[in-house]
Amino acid sequence: MGLLNPGARSEGGQRLYVAPELERLQQIVSLRQLGFGLDEIRTLLHRPEMSALEVVELHLSRVDERIADLTTLQHRLRLVSNQLRRGESTSFDVVSETVEMMTMVEKHYSPEQLEWLQRRREEVGETRIQEVEAEWPQLIDEVVAAIDRGIPPGDPHAQALARRWTELVREFTGSNQEIEGAVQRVWEVDGEQLVQQHGLNPRMSECAAYISQALAGSADA
């Protein structure tokens, strides 16, 4: 590749490497240990105008991007693994649906927030998560029933529903206000898609608005 050329040749045609070539070899080895490919190294060694700091910081930024990508991938794989384990299913429909959901959710959460949510999931435990997943549809149906019966948001029954709603949200978010804000954005932007994907009550947005009104005058607001 022309990365390292001999300084001279012996009478027998053997390549001879002396001090300048050995110094260059050390540069090549060092760059390889930093994760540069041979093509990248050839480009860098032919650009003497680039300082060592520029080279290292350029590669550092690339490594940071790769770490962020791998963190996202790690989170996706964990979520898919948990979904499959809970359902004891190997259906790739489950995999594709989960990845589709994650791709949508990742628009609204930072990598740090996704990592925080994963830790929160581990803290809560799979048993409680399954209980909450079963509780949400029941609560939503009760809120729909309250709306259809004309119960005003300020009524004690509506207030009790709002408290249960808030408790479930806070159990998911751990009362982390940044996470709660991200959850709000997810539902504002992609709420309809989430309803379709999870088979939720199509009046979910109406329920959320009703709960917000019920909370507006309560201590949980």
# chains A, B, ... in the order shown; residues from 1 in each chain; ligands from 1
$ residues_around --residues "range 120-126 of chain A" --least-positions-apart "6" --cutoff "8 Å" --atoms "only C-alpha atoms" --output "number ranges by chain"
A: 172-174
$ residues_around --residues "range 166-169 of chain A" --least-positions-apart "6" --cutoff "9 Å" --atoms "only C-alpha atoms" --output "list in words"
Val132, Glu135, Trp136, Ser175, Glu180, Ile211, Leu215 and Asp220 of chain A
$ residues_around --residues "range 32-40 of chain A" --least-positions-apart "6" --cutoff "9 Å" --atoms "only C-alpha atoms" --output "PyMOL selection string"
chain A and resi 1+3+56+59+63
$ select_by_dssp --residues "range 119-156 of chain A" --states "helix (DSSP H, G or I)" --output "count of residues only"
30
$ closest_residue --among "A:Leu58, A:Leu25, A:Glu178, A:Val143" --to "Arg203 in chain A" --atoms "only C-alpha atoms"
A:Val143
$ residues_around --residues "Pro153 in chain A" --least-positions-apart "5" --cutoff "8 Å" --atoms "only C-alpha atoms" --output "JSON, numbers by chain"
{"A": [158, 159, 210, 211, 213, 214]}
$ write_last_selection --atoms "N, CA and C atoms" --output "tab-separated table (two decimals), in the first residue's frame"
chain	number	residue	atom	x	y	z
A	158	ALA	N	-63.65	11.65	39.31
A	158	ALA	CA	-62.67	12.03	38.28
A	158	ALA	C	-61.32	12.32	38.91
A	159	GLN	N	-61.34	12.93	40.09
A	159	GLN	CA	-60.08	13.21	40.78
A	159	GLN	C	-59.36	11.92	41.17
A	210	TYR	N	-59.05	14.92	29.47
A	210	TYR	CA	-59.95	14.88	30.64
A	210	TYR	C	-59.15	14.80	31.93
A	211	ILE	N	-58.14	13.95	31.95
A	211	ILE	CA	-57.29	13.81	33.13
A	211	ILE	C	-56.55	15.10	33.41
A	213	GLN	N	-57.54	18.09	32.79
A	213	GLN	CA	-58.51	19.01	33.41
A	213	GLN	C	-58.75	18.64	34.87
A	214	ALA	N	-58.82	17.34	35.14
A	214	ALA	CA	-59.05	16.90	36.52
A	214	ALA	C	-57.87	17.26	37.42
$ closest_residue --among "A:Ala19, A:Asp190, A:Pro111, A:Arg9" --to "Asp69 in chain A" --atoms "only C-alpha atoms"
A:Pro111
